[in-house]
Structures are given as structure tokens and as C-alpha cells.
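Below: work00.cif (mmCIF, C-alpha atoms)
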data_final
loop_
_atom_site.group_PDB
_atom_site.id
_atom_site.type_symbol
_atom_site.label_atom_id
_atom_site.label_comp_id
_atom_site.auth_asym_id
_atom_site.auth_seq_id
_atom_site.Cartn_x
_atom_site.Cartn_y
_atom_site.Cartn_z
ATOM 1 C CA GLN H 958 0.000 0.000 0.000
ATOM 2 C CA LYS H 959 1.292 3.452 -0.906
ATOM 3 C CA GLU H 960 1.826 6.005 1.852
ATOM 4 C CA VAL H 961 -0.322 8.496 -0.058
ATOM 5 C CA GLU H 962 -3.344 7.497 -2.130
ATOM 6 C CA GLN H 963 -4.924 9.783 -4.694
ATOM 7 C CA ASP H 964 -7.595 9.046 -7.271
ATOM 8 C CA PRO H 965 -5.949 9.553 -10.679
ATOM 9 C CA GLY H 966 -9.164 10.616 -12.387
ATOM 10 C CA PRO H 967 -9.550 11.995 -14.960
ATOM 11 C CA LEU H 968 -12.183 14.267 -13.505
ATOM 12 C CA SER H 969 -14.259 16.290 -15.959
ATOM 13 C CA VAL H 970 -16.492 19.132 -14.741
ATOM 14 C CA PRO H 971 -18.317 22.027 -16.421
ATOM 15 C CA GLU H 972 -17.102 25.576 -15.978
ATOM 16 C CA GLY H 973 -18.375 27.098 -12.741
ATOM 17 C CA ALA H 974 -18.617 23.791 -10.877
ATOM 18 C CA ILE H 975 -17.164 23.150 -7.435
ATOM 19 C CA VAL H 976 -14.357 20.630 -7.608
ATOM 20 C CA SER H 977 -13.291 18.392 -4.754
ATOM 21 C CA LEU H 978 -9.924 16.655 -4.888
ATOM 22 C CA ASN H 979 -8.807 14.299 -2.151
ATOM 23 C CA CYS H 980 -5.897 12.310 -0.770
ATOM 24 C CA THR H 981 -5.615 9.794 2.028
ATOM 25 C CA TYR H 982 -2.410 8.867 3.775
ATOM 26 C CA SER H 983 -1.155 6.310 6.240
ATOM 27 C CA ASN H 984 1.887 7.948 7.889
ATOM 28 C CA SER H 985 0.820 9.739 11.077
ATOM 29 C CA ALA H 986 4.158 11.607 11.134
ATOM 30 C CA PHE H 987 3.073 13.841 8.260
ATOM 31 C CA GLN H 988 2.496 17.383 9.513
ATOM 32 C CA TYR H 989 2.802 19.594 6.435
ATOM 33 C CA PHE H 990 0.392 19.225 3.567
ATOM 34 C CA MET H 991 0.609 20.755 0.144
ATOM 35 C CA TRP H 992 -1.212 20.841 -3.140
ATOM 36 C CA TYR H 993 0.737 21.318 -6.338
ATOM 37 C CA ARG H 994 -0.725 22.101 -9.757
ATOM 38 C CA GLN H 995 0.985 20.759 -12.842
ATOM 39 C CA TYR H 996 0.114 21.878 -16.328
ATOM 40 C CA SER H 997 0.932 19.612 -19.237
ATOM 41 C CA ARG H 998 4.675 19.443 -19.968
ATOM 42 C CA LYS H 999 5.471 21.761 -17.048
ATOM 43 C CA GLY H 1000 6.885 21.252 -13.581
ATOM 44 C CA PRO H 1001 4.573 21.267 -10.546
ATOM 45 C CA GLU H 1002 3.926 24.614 -8.850
ATOM 46 C CA LEU H 1003 2.871 25.068 -5.256
ATOM 47 C CA LEU H 1004 -0.787 25.993 -4.916
ATOM 48 C CA MET H 1005 -1.623 25.594 -1.241
ATOM 49 C CA TYR H 1006 0.370 24.866 1.907
ATOM 50 C CA THR H 1007 -1.099 23.958 5.288
ATOM 51 C CA TYR H 1008 0.282 22.852 8.616
ATOM 52 C CA SER H 1009 -1.591 20.297 10.722
ATOM 53 C CA SER H 1010 -5.385 20.110 10.755
ATOM 54 C CA GLY H 1011 -7.757 22.837 9.669
ATOM 55 C CA ASN H 1012 -8.786 24.885 6.676
ATOM 56 C CA LYS H 1013 -6.945 27.402 4.569
ATOM 57 C CA GLU H 1014 -8.519 29.568 1.924
ATOM 58 C CA ASP H 1015 -6.859 31.436 -0.932
ATOM 59 C CA GLY H 1016 -9.188 32.989 -3.461
ATOM 60 C CA ARG H 1017 -11.184 30.218 -5.137
ATOM 61 C CA PHE H 1018 -9.107 27.508 -3.476
ATOM 62 C CA THR H 1019 -9.661 25.943 -0.041
ATOM 63 C CA ALA H 1020 -7.434 23.292 1.470
ATOM 64 C CA GLN H 1021 -8.691 21.095 4.305
ATOM 65 C CA VAL H 1022 -6.701 18.743 6.490
ATOM 66 C CA ASP H 1023 -8.232 16.174 8.836
ATOM 67 C CA LYS H 1024 -5.351 14.479 10.599
ATOM 68 C CA SER H 1025 -7.641 12.272 12.686
ATOM 69 C CA SER H 1026 -8.934 10.689 9.472
ATOM 70 C CA LYS H 1027 -5.645 11.069 7.584
ATOM 71 C CA TYR H 1028 -7.533 12.813 4.804
ATOM 72 C CA ILE H 1029 -6.849 16.029 2.931
ATOM 73 C CA SER H 1030 -8.937 17.875 0.379
ATOM 74 C CA LEU H 1031 -8.641 20.699 -2.099
ATOM 75 C CA PHE H 1032 -11.798 22.521 -3.139
ATOM 76 C CA ILE H 1033 -11.941 24.741 -6.204
ATOM 77 C CA ARG H 1034 -14.929 27.082 -6.436
ATOM 78 C CA ASP H 1035 -16.207 28.552 -9.688
ATOM 79 C CA SER H 1036 -13.861 26.340 -11.681
ATOM 80 C CA GLN H 1037 -12.388 27.786 -14.870
ATOM 81 C CA PRO H 1038 -10.963 26.126 -17.993
ATOM 82 C CA SER H 1039 -7.566 27.485 -16.884
ATOM 83 C CA ASP H 1040 -7.838 25.206 -13.839
ATOM 84 C CA SER H 1041 -7.476 22.208 -16.144
ATOM 85 C CA ALA H 1042 -4.301 20.523 -14.936
ATOM 86 C CA THR H 1043 -3.060 17.657 -12.796
ATOM 87 C CA TYR H 1044 -3.287 18.291 -9.061
ATOM 88 C CA LEU H 1045 -0.800 16.535 -6.821
ATOM 89 C CA CYS H 1046 -1.071 16.318 -3.085
ATOM 90 C CA ALA H 1047 2.199 16.200 -1.157
ATOM 91 C CA MET H 1048 3.078 15.877 2.493
ATOM 92 C CA LYS H 1049 6.070 15.728 4.804
ATOM 93 C CA GLY H 1050 7.061 15.292 8.412
ATOM 94 C CA ALA H 1051 8.793 17.778 10.680
ATOM 95 C CA GLY H 1052 12.118 19.333 9.712
ATOM 96 C CA THR H 1053 13.010 21.237 6.581
ATOM 97 C CA ALA H 1054 15.132 18.351 5.324
ATOM 98 C CA SER H 1055 12.196 15.959 5.417
ATOM 99 C CA LYS H 1056 11.311 14.626 1.979
ATOM 100 C CA LEU H 1057 8.000 15.276 0.297
ATOM 101 C CA THR H 1058 5.823 12.259 -0.420
ATOM 102 C CA PHE H 1059 3.530 12.832 -3.375
ATOM 103 C CA GLY H 1060 0.248 11.353 -4.475
ATOM 104 C CA THR H 1061 -0.025 10.151 -8.047
ATOM 105 C CA GLY H 1062 -2.010 13.221 -9.093
ATOM 106 C CA THR H 1063 -5.594 13.783 -10.262
ATOM 107 C CA ARG H 1064 -6.104 15.040 -13.785
ATOM 108 C CA LEU H 1065 -8.832 17.703 -13.920
ATOM 109 C CA GLN H 1066 -10.557 18.920 -17.062
ATOM 110 C CA VAL H 1067 -12.866 21.939 -16.824
ATOM 111 C CA THR H 1068 -15.051 22.203 -19.903
ATOM 112 C CA LEU H 1069 -16.835 25.239 -21.351
ATOM 113 C CA GLY A 1259 13.683 36.321 -11.528
ATOM 114 C CA ALA A 1260 14.811 33.170 -13.278
ATOM 115 C CA GLY A 1261 13.312 29.918 -12.120
ATOM 116 C CA VAL A 1262 14.777 26.430 -12.078
ATOM 117 C CA SER A 1263 16.013 25.425 -15.516
ATOM 118 C CA GLN A 1264 16.692 21.956 -16.836
ATOM 119 C CA SER A 1265 18.374 20.682 -19.962
ATOM 120 C CA PRO A 1266 17.787 19.054 -22.283
ATOM 121 C CA SER A 1267 14.001 19.344 -22.330
ATOM 122 C CA ASN A 1268 13.772 16.080 -24.250
ATOM 123 C CA LYS A 1269 16.248 13.239 -24.609
ATOM 124 C CA VAL A 1270 15.861 10.126 -26.723
ATOM 125 C CA THR A 1271 18.521 7.492 -26.283
ATOM 126 C CA GLU A 1272 19.150 3.862 -27.070
ATOM 127 C CA LYS A 1273 19.090 1.171 -24.455
ATOM 128 C CA GLY A 1274 22.520 0.738 -22.894
ATOM 129 C CA LYS A 1275 23.725 4.295 -23.482
ATOM 130 C CA ASP A 1276 24.607 6.733 -20.706
ATOM 131 C CA VAL A 1277 22.742 10.036 -20.306
ATOM 132 C CA GLU A 1278 23.381 13.204 -18.343
ATOM 133 C CA LEU A 1279 20.603 15.529 -17.228
ATOM 134 C CA ARG A 1280 21.355 19.024 -15.978
ATOM 135 C CA CYS A 1281 19.633 21.238 -13.431
ATOM 136 C CA ASP A 1282 20.295 24.931 -12.747
ATOM 137 C CA PRO A 1283 18.573 25.847 -9.461
ATOM 138 C CA ILE A 1284 17.353 29.272 -8.464
ATOM 139 C CA SER A 1285 20.298 31.411 -7.424
ATOM 140 C CA GLY A 1286 20.852 31.283 -3.670
ATOM 141 C CA HIS A 1287 18.787 28.136 -3.112
ATOM 142 C CA THR A 1288 20.855 25.763 -1.028
ATOM 143 C CA ALA A 1289 18.662 22.667 -1.285
ATOM 144 C CA LEU A 1290 18.240 20.717 -4.522
ATOM 145 C CA TYR A 1291 16.099 17.662 -5.232
ATOM 146 C CA TRP A 1292 15.769 15.231 -8.117
ATOM 147 C CA TYR A 1293 12.503 13.395 -8.742
ATOM 148 C CA ARG A 1294 11.295 10.966 -11.382
ATOM 149 C CA GLN A 1295 7.734 11.137 -12.684
ATOM 150 C CA SER A 1296 6.430 8.114 -14.508
ATOM 151 C CA LEU A 1297 2.977 7.749 -15.995
ATOM 152 C CA GLY A 1298 0.517 6.968 -13.224
ATOM 153 C CA GLN A 1299 3.249 6.767 -10.594
ATOM 154 C CA GLY A 1300 3.429 10.308 -9.258
ATOM 155 C CA LEU A 1301 6.706 11.905 -8.241
ATOM 156 C CA GLU A 1302 9.349 9.531 -6.952
ATOM 157 C CA PHE A 1303 12.133 11.064 -4.844
ATOM 158 C CA LEU A 1304 15.623 10.248 -6.100
ATOM 159 C CA ILE A 1305 18.255 12.358 -4.321
ATOM 160 C CA TYR A 1306 18.562 15.485 -2.149
ATOM 161 C CA PHE A 1307 21.483 17.918 -1.762
ATOM 162 C CA GLN A 1308 21.670 20.437 1.078
ATOM 163 C CA GLY A 1309 24.623 22.796 1.102
ATOM 164 C CA ASN A 1310 27.898 20.998 1.810
ATOM 165 C CA SER A 1311 26.270 18.083 3.626
ATOM 166 C CA ALA A 1312 26.456 14.550 2.266
ATOM 167 C CA PRO A 1313 23.566 14.034 -0.167
ATOM 168 C CA ASP A 1314 20.578 11.864 0.709
ATOM 169 C CA LYS A 1315 20.729 9.185 -1.978
ATOM 170 C CA SER A 1316 18.080 6.943 -0.456
ATOM 171 C CA GLY A 1317 15.739 7.260 -3.440
ATOM 172 C CA LEU A 1318 18.137 6.235 -6.197
ATOM 173 C CA PRO A 1319 16.663 3.048 -7.720
ATOM 174 C CA SER A 1320 19.960 1.381 -8.642
ATOM 175 C CA ASP A 1321 23.701 1.966 -8.828
ATOM 176 C CA ARG A 1322 23.243 2.979 -12.461
ATOM 177 C CA PHE A 1323 21.941 6.293 -11.142
ATOM 178 C CA SER A 1324 24.229 8.944 -9.689
ATOM 179 C CA ALA A 1325 24.153 12.680 -9.194
ATOM 180 C CA GLU A 1326 26.528 15.415 -8.270
ATOM 181 C CA ARG A 1327 26.253 19.065 -7.428
ATOM 182 C CA THR A 1328 29.245 21.220 -8.201
ATOM 183 C CA GLY A 1329 29.954 24.388 -6.240
ATOM 184 C CA GLY A 1330 26.637 24.170 -4.468
ATOM 185 C CA SER A 1331 24.787 25.194 -7.609
ATOM 186 C CA VAL A 1332 24.395 23.218 -10.843
ATOM 187 C CA SER A 1333 23.531 19.530 -10.534
ATOM 188 C CA THR A 1334 23.913 16.669 -12.994
ATOM 189 C CA LEU A 1335 21.958 13.414 -12.829
ATOM 190 C CA THR A 1336 23.690 10.586 -14.682
ATOM 191 C CA ILE A 1337 22.039 7.341 -15.716
ATOM 192 C CA GLN A 1338 24.420 4.677 -16.948
ATOM 193 C CA ARG A 1339 23.462 1.793 -19.233
ATOM 194 C CA THR A 1340 19.931 3.098 -19.637
ATOM 195 C CA GLN A 1341 17.016 0.664 -19.636
ATOM 196 C CA GLN A 1342 13.546 1.116 -21.103
ATOM 197 C CA GLU A 1343 12.071 1.344 -17.609
ATOM 198 C CA ASP A 1344 14.156 4.491 -17.065
ATOM 199 C CA SER A 1345 11.859 6.329 -19.485
ATOM 200 C CA ALA A 1346 10.181 9.075 -17.467
ATOM 201 C CA VAL A 1347 10.210 12.793 -16.800
ATOM 202 C CA TYR A 1348 13.060 13.775 -14.508
ATOM 203 C CA LEU A 1349 12.256 16.827 -12.412
ATOM 204 C CA CYS A 1350 14.595 19.015 -10.425
ATOM 205 C CA ALA A 1351 13.473 21.285 -7.585
ATOM 206 C CA SER A 1352 15.286 23.785 -5.402
ATOM 207 C CA ARG A 1353 14.432 25.351 -2.071
ATOM 208 C CA PRO A 1354 15.859 28.239 -0.063
ATOM 209 C CA LEU A 1355 17.355 27.471 3.333
ATOM 210 C CA ALA A 1356 15.811 30.234 5.396
ATOM 211 C CA GLY A 1357 12.704 32.344 5.364
ATOM 212 C CA TRP A 1358 8.969 31.749 5.492
ATOM 213 C CA SER A 1359 9.042 29.654 2.347
ATOM 214 C CA THR A 1360 11.663 27.155 3.489
ATOM 215 C CA ASP A 1361 9.339 24.239 2.817
ATOM 216 C CA THR A 1362 8.395 25.392 -0.666
ATOM 217 C CA GLN A 1363 10.091 23.549 -3.480
ATOM 218 C CA TYR A 1364 10.353 25.249 -6.852
ATOM 219 C CA PHE A 1365 10.318 22.848 -9.764
ATOM 220 C CA GLY A 1366 11.914 23.044 -13.156
ATOM 221 C CA PRO A 1367 10.058 22.007 -16.330
ATOM 222 C CA GLY A 1368 11.680 18.573 -16.369
ATOM 223 C CA THR A 1369 13.610 16.480 -18.860
ATOM 224 C CA ARG A 1370 11.543 13.914 -20.737
ATOM 225 C CA LEU A 1371 13.739 10.841 -21.207
ATOM 226 C CA THR A 1372 12.796 8.148 -23.700
ATOM 227 C CA VAL A 1373 14.872 4.992 -23.878
ATOM 228 C CA LEU A 1374 14.288 3.012 -27.059
#

Can you dump the structure from the file as C-alpha cells?
Amino acid sequence: QKEVEQDPGPLSVPEGAIVSLNCTYSNSAFQYFMWYRQYSRKGPELLMYTYSSGNKEDGRFTAQVDKSSKYISLFIRDSQPSDSATYLCAMKGAGTASKLTFGTGTRLQVTL
Amino acid sequence: GAGVSQSPSNKVTEKGKDVELRCDPISGHTALYWYRQSLGQGLEFLIYFQGNSAPDKSGLPSDRFSAERTGGSVSTLTIQRTQQEDSAVYLCASRPLAGWSTDTQYFGPGTRLTVL
């Protein structure tokens, strides 16, 4: 079993829809949780960063972490065609030298 | 400012040949990572450099893989005697040592390696 599980999709939604992307994990040592967005043929870019449990909002994006359930989510409101990309969850333990463990990524397609 | 750059962007090679992939991190970033991204497999950690410390090589899949970082800046990932299963996108990321964004990794565009 992988440390981080993520549904690969693809997920297709109409423009304006609310999108929910999720990851589950098994390592209770993970404390920092991130979402990266990766456009086709590009490197991943950091979208959201959260520490421990709770919610964090940034514009149309909301990240949620539930450490008790070992479950993290990314919500995208009013989705746009420009949101079409692969979304990777990533997480790490304490310490700046700790390695990131990534999910496999969910491919999202927002249609007009 | 300039981001992380990688070269070449694409590399096609024959099975058994050696390849070298280059990464230029963001200036001043002391930490550098190499990852491999295969279809449906997500990002697989390969190796991590931090300043002058010994690199963390725990992710290298075999002794055919090696990497070096000269002068604390440019890094080269070398794959010897390439195999078809080495075909993947190889991503480099760098991170600053200090500041609020110390846990943020900045990725390059990757090198797409195809082994025929």
C-alpha cells in the first residue's frame, strides 16, 4: 500500500462547478500538507500549503486537512478552464530536510 | 527572476547508453532535489542535496543512477546503461534554506527521457 493514495481521475467538470480533490495517507508523522498544480509538460507549482489540521482559503481555493482521518482535500470554487491541470497532493514530516511524499495526481478537465 | 532550468528538455537514447541531465537551481537556493515522474506513478524522490552536507541518496533506484552538485549550484543526474524502464520525466526542484518559504520547493520544467 502506498503512503499516499490519490484518485488519478480523470475528472471532468463544467465551468463554474465546485471541484473536490482528495488524498488519504497512512503515515501519522506527516504534519505539512501541500497541493501542487501541474500543467501539461510543465513542472509542478505550489498551490496551497497547510500545517496540521484545519482549513486554509486562498481565493477560489480551499485546502482542508483532517489528521484524525488522515484525509486532505482541495476545493476549487467557480472552476475555470484554466484550472485544467493535474493536481498533486504532497506531504512531509517535521524538519526542513524531510522529503516530500507525493500522491499520483488527479487530472482535472474543466469544460466550457 | 529566473526559475529552475533543466536541460535538455527532451532526450531520446538507445538502451545501454549513458545520459546526463542538468539542473540549474534558483540562485541562492541551497537545497536541490531530483525526482522521477512516470505515468501513473506520481513523483518519486531520487536524491537530495543540502549545502555541503552529504547528499541523501536513499531514493536512487539502482547503482546505475548517480548525481553530483558542483559548487553548491548546478547539478547533474547521470544514468548509466539506460534501460527502457528508465523512461520518465526527470524533475529538479530547489528550495531556499531560510525564510517563510523554506518548505516550498520550486520545480523546473523537467527532462523527458525516452529509452528506445

As an mmCIF file with C-alpha atoms, in the frame of the given file, please: the residues near H:Leu1003 (cut-off 10 Å, all atoms listed in the file, same-chain neighbours under 6 positions excluded).
data_model
loop_
_atom_site.group_PDB
_atom_site.id
_atom_site.type_symbol
_atom_site.label_atom_id
_atom_site.label_comp_id
_atom_site.auth_asym_id
_atom_site.auth_seq_id
_atom_site.Cartn_x
_atom_site.Cartn_y
_atom_site.Cartn_z
ATOM 1 C CA MET H 991 0.609 20.755 0.144
ATOM 2 C CA TRP H 992 -1.212 20.841 -3.140
ATOM 3 C CA TYR H 993 0.737 21.318 -6.338
ATOM 4 C CA ARG H 994 -0.725 22.101 -9.757
ATOM 5 C CA GLN H 995 0.985 20.759 -12.842
ATOM 6 C CA TYR H 1044 -3.287 18.291 -9.061
ATOM 7 C CA LEU H 1045 -0.800 16.535 -6.821
ATOM 8 C CA CYS H 1046 -1.071 16.318 -3.085
ATOM 9 C CA ALA H 1047 2.199 16.200 -1.157
ATOM 10 C CA THR A 1362 8.395 25.392 -0.666
ATOM 11 C CA GLN A 1363 10.091 23.549 -3.480
ATOM 12 C CA TYR A 1364 10.353 25.249 -6.852
ATOM 13 C CA PHE A 1365 10.318 22.848 -9.764
#

Requested in this report: Place a sphere of radius 12 Å on (-7.8, 26.8, -14.5) in the file coordinates and name every protein, DNA or RNA residue with an atom inside or on its surface, counting only C-alpha atoms; give the answer as JSON, numbers by chain.
Outcome: {"H": [970, 971, 972, 973, 974, 976, 994, 995, 996, 1004, 1017, 1018, 1033, 1034, 1035, 1036, 1037, 1038, 1039, 1040, 1041, 1042, 1043, 1044, 1064, 1065, 1066, 1067, 1068, 1069]}

Query raised in the report: Can you tell me how far atom CA of H:Cys980 sits from atom CA of A:Asp1314, in Å to one decimal?
Result: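 Between atom CA of H:Cys980 and atom CA of A:Asp1314 the gap works out to 26.5 Å.
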
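Interface residues of chain A facing chain H, defined by any atom at most 8 Å away and using all atoms listed in the file, are Gly1298, Gln1299, Gly1300, Leu1301, Glu1302, Phe1303, Leu1349, Thr1360, Asp1361, Thr1362, Gln1363, Tyr1364, Phe1365, Gly1366, Pro1367 and Gly1368 of chain A.
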
Query - Proximity to A:Thr1340 - best of A:Lys1315, A:Ser1265, A:Leu1374, A:Ala1289, all atoms listed in the file - result: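 Residue with the minimum atom-to-atom distance to A:Thr1340: A:Leu1374.
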
**Report entry** Best match for closeness to A:Gly1309 among A:Ser1352, A:Gln1341, A:Asn1268, A:Ser1263, counting all atoms listed in the file
**Finding:** A:Ser1352

**Report entry** Gap from atom CA of H:Ser985 to atom CA of H:Asp964 - Å, one decimal
**Finding:** 20.2 Å

Report task. Go ahead and compute the interatomic distance for atom CA of H:Met1048 and atom CA of A:Ser1296, in Å to one decimal. Result ->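 Pair atom CA of H:Met1048 / atom CA of A:Ser1296 returns 19.0 Å.
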
Requested in this report: Just say which residues the PyMOL selection byres ((chain A and resi 1304) around 10) picks in this file, as a VMD selection string.
Outcome: chain A and resid 1291 to 1294 1301 to 1303 1305 to 1306 1314 to 1319 1323 to 1325 1335 1348 to 1350

Those residues with C-alpha atoms, as a compact mmCIF listing (two decimals), in the frame of the given file please?
# COMPACT_ATOMS: atom_id res chain seq x y z
CA TYR A 1291 16.10 17.66 -5.23
CA TRP A 1292 15.77 15.23 -8.12
CA TYR A 1293 12.50 13.40 -8.74
CA ARG A 1294 11.30 10.97 -11.38
CA LEU A 1301 6.71 11.90 -8.24
CA GLU A 1302 9.35 9.53 -6.95
CA PHE A 1303 12.13 11.06 -4.84
CA ILE A 1305 18.26 12.36 -4.32
CA TYR A 1306 18.56 15.48 -2.15
CA ASP A 1314 20.58 11.86 0.71
CA LYS A 1315 20.73 9.18 -1.98
CA SER A 1316 18.08 6.94 -0.46
CA GLY A 1317 15.74 7.26 -3.44
CA LEU A 1318 18.14 6.24 -6.20
CA PRO A 1319 16.66 3.05 -7.72
CA PHE A 1323 21.94 6.29 -11.14
CA SER A 1324 24.23 8.94 -9.69
CA ALA A 1325 24.15 12.68 -9.19
CA LEU A 1335 21.96 13.41 -12.83
CA TYR A 1348 13.06 13.78 -14.51
CA LEU A 1349 12.26 16.83 -12.41
CA CYS A 1350 14.60 19.02 -10.42

Using only C-alpha atoms, determine which residues lie at most 7 Å from H:Thr1019, disregarding the query and same-chain residues fewer than 5 positions distant; provide the list as a PDB file with C-alpha atoms, in the frame of the given file.
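Below you can see part-v4.pdb, which holds the result:
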ATOM      1  CA  ASN H1012      -8.786  24.885   6.676  1.00  0.00           C
ATOM      2  CA  LYS H1013      -6.945  27.402   4.569  1.00  0.00           C
ATOM      3  CA  GLU H1014      -8.519  29.568   1.924  1.00  0.00           C
ATOM      4  CA  LEU H1031      -8.641  20.699  -2.099  1.00  0.00           C
ATOM      5  CA  PHE H1032     -11.798  22.521  -3.139  1.00  0.00           C
ATOM      6  CA  ILE H1033     -11.941  24.741  -6.204  1.00  0.00           C
TER       7      ILE H1033
END

Requested in this report: For the structure provided, state which residues fall under the PyMOL selection byres ((chain A and resi 1277) around 9), and present them as a PyMOL selection string.
Outcome: chain A and resi 1269+1271+1275-1276+1278-1279+1335-1340

Would you kindly place N, CA, C and O atoms on stretch 1269-1286 of chain A and return the model as a PDB file, in the frame of the given file?
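Once everything was written out, this is rebuild-v2.pdb:
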ATOM      1  N   LYS A1269      15.088  14.050 -24.287  1.00  0.00           N
ATOM      2  CA  LYS A1269      16.248  13.239 -24.609  1.00  0.00           C
ATOM      3  C   LYS A1269      15.779  11.859 -25.035  1.00  0.00           C
ATOM      4  O   LYS A1269      15.057  11.181 -24.293  1.00  0.00           O
ATOM      5  N   VAL A1270      16.153  11.470 -26.236  1.00  0.00           N
ATOM      6  CA  VAL A1270      15.861  10.126 -26.723  1.00  0.00           C
ATOM      7  C   VAL A1270      17.192   9.401 -26.842  1.00  0.00           C
ATOM      8  O   VAL A1270      18.129   9.916 -27.445  1.00  0.00           O
ATOM      9  N   THR A1271      17.269   8.232 -26.262  1.00  0.00           N
ATOM     10  CA  THR A1271      18.521   7.492 -26.283  1.00  0.00           C
ATOM     11  C   THR A1271      18.251   6.018 -26.524  1.00  0.00           C
ATOM     12  O   THR A1271      17.118   5.547 -26.404  1.00  0.00           O
ATOM     13  N   GLU A1272      19.281   5.305 -26.856  1.00  0.00           N
ATOM     14  CA  GLU A1272      19.150   3.862 -27.070  1.00  0.00           C
ATOM     15  C   GLU A1272      19.486   3.123 -25.787  1.00  0.00           C
ATOM     16  O   GLU A1272      20.358   3.549 -25.016  1.00  0.00           O
ATOM     17  N   LYS A1273      18.835   2.026 -25.615  1.00  0.00           N
ATOM     18  CA  LYS A1273      19.090   1.171 -24.455  1.00  0.00           C
ATOM     19  C   LYS A1273      20.580   0.875 -24.356  1.00  0.00           C
ATOM     20  O   LYS A1273      21.235   0.558 -25.347  1.00  0.00           O
ATOM     21  N   GLY A1274      21.118   1.023 -23.131  1.00  0.00           N
ATOM     22  CA  GLY A1274      22.520   0.738 -22.894  1.00  0.00           C
ATOM     23  C   GLY A1274      23.423   1.956 -22.916  1.00  0.00           C
ATOM     24  O   GLY A1274      24.564   1.890 -22.442  1.00  0.00           O
ATOM     25  N   LYS A1275      22.913   3.083 -23.452  1.00  0.00           N
ATOM     26  CA  LYS A1275      23.725   4.295 -23.482  1.00  0.00           C
ATOM     27  C   LYS A1275      23.625   5.047 -22.149  1.00  0.00           C
ATOM     28  O   LYS A1275      22.688   4.858 -21.388  1.00  0.00           O
ATOM     29  N   ASP A1276      24.617   5.882 -21.886  1.00  0.00           N
ATOM     30  CA  ASP A1276      24.607   6.733 -20.706  1.00  0.00           C
ATOM     31  C   ASP A1276      23.984   8.084 -21.063  1.00  0.00           C
ATOM     32  O   ASP A1276      24.156   8.574 -22.183  1.00  0.00           O
ATOM     33  N   VAL A1277      23.303   8.694 -20.092  1.00  0.00           N
ATOM     34  CA  VAL A1277      22.742  10.036 -20.306  1.00  0.00           C
ATOM     35  C   VAL A1277      23.065  10.924 -19.111  1.00  0.00           C
ATOM     36  O   VAL A1277      23.213  10.446 -17.982  1.00  0.00           O
ATOM     37  N   GLU A1278      23.167  12.206 -19.392  1.00  0.00           N
ATOM     38  CA  GLU A1278      23.381  13.204 -18.343  1.00  0.00           C
ATOM     39  C   GLU A1278      22.287  14.253 -18.434  1.00  0.00           C
ATOM     40  O   GLU A1278      22.039  14.807 -19.502  1.00  0.00           O
ATOM     41  N   LEU A1279      21.665  14.533 -17.306  1.00  0.00           N
ATOM     42  CA  LEU A1279      20.603  15.529 -17.228  1.00  0.00           C
ATOM     43  C   LEU A1279      21.090  16.646 -16.312  1.00  0.00           C
ATOM     44  O   LEU A1279      21.658  16.386 -15.254  1.00  0.00           O
ATOM     45  N   ARG A1280      20.805  17.885 -16.714  1.00  0.00           N
ATOM     46  CA  ARG A1280      21.355  19.024 -15.978  1.00  0.00           C
ATOM     47  C   ARG A1280      20.253  19.836 -15.326  1.00  0.00           C
ATOM     48  O   ARG A1280      19.159  19.983 -15.882  1.00  0.00           O
ATOM     49  N   CYS A1281      20.576  20.371 -14.150  1.00  0.00           N
ATOM     50  CA  CYS A1281      19.633  21.238 -13.431  1.00  0.00           C
ATOM     51  C   CYS A1281      20.362  22.488 -12.946  1.00  0.00           C
ATOM     52  O   CYS A1281      21.406  22.393 -12.292  1.00  0.00           O
ATOM     53  N   ASP A1282      19.801  23.658 -13.270  1.00  0.00           N
ATOM     54  CA  ASP A1282      20.295  24.931 -12.747  1.00  0.00           C
ATOM     55  C   ASP A1282      19.267  25.450 -11.748  1.00  0.00           C
ATOM     56  O   ASP A1282      18.191  25.885 -12.150  1.00  0.00           O
ATOM     57  N   PRO A1283      19.569  25.407 -10.452  1.00  0.00           N
ATOM     58  CA  PRO A1283      18.573  25.847  -9.461  1.00  0.00           C
ATOM     59  C   PRO A1283      18.461  27.366  -9.425  1.00  0.00           C
ATOM     60  O   PRO A1283      19.262  28.075 -10.045  1.00  0.00           O
ATOM     61  N   ILE A1284      17.486  27.831  -8.672  1.00  0.00           N
ATOM     62  CA  ILE A1284      17.353  29.272  -8.464  1.00  0.00           C
ATOM     63  C   ILE A1284      18.561  29.760  -7.667  1.00  0.00           C
ATOM     64  O   ILE A1284      18.969  29.107  -6.689  1.00  0.00           O
ATOM     65  N   SER A1285      19.114  30.879  -8.080  1.00  0.00           N
ATOM     66  CA  SER A1285      20.298  31.411  -7.424  1.00  0.00           C
ATOM     67  C   SER A1285      20.052  31.624  -5.931  1.00  0.00           C
ATOM     68  O   SER A1285      19.033  32.203  -5.522  1.00  0.00           O
ATOM     69  N   GLY A1286      20.969  31.108  -5.118  1.00  0.00           N
ATOM     70  CA  GLY A1286      20.852  31.283  -3.670  1.00  0.00           C
ATOM     71  C   GLY A1286      20.125  30.154  -2.966  1.00  0.00           C
ATOM     72  O   GLY A1286      20.141  30.062  -1.741  1.00  0.00           O
TER      73      GLY A1286
END
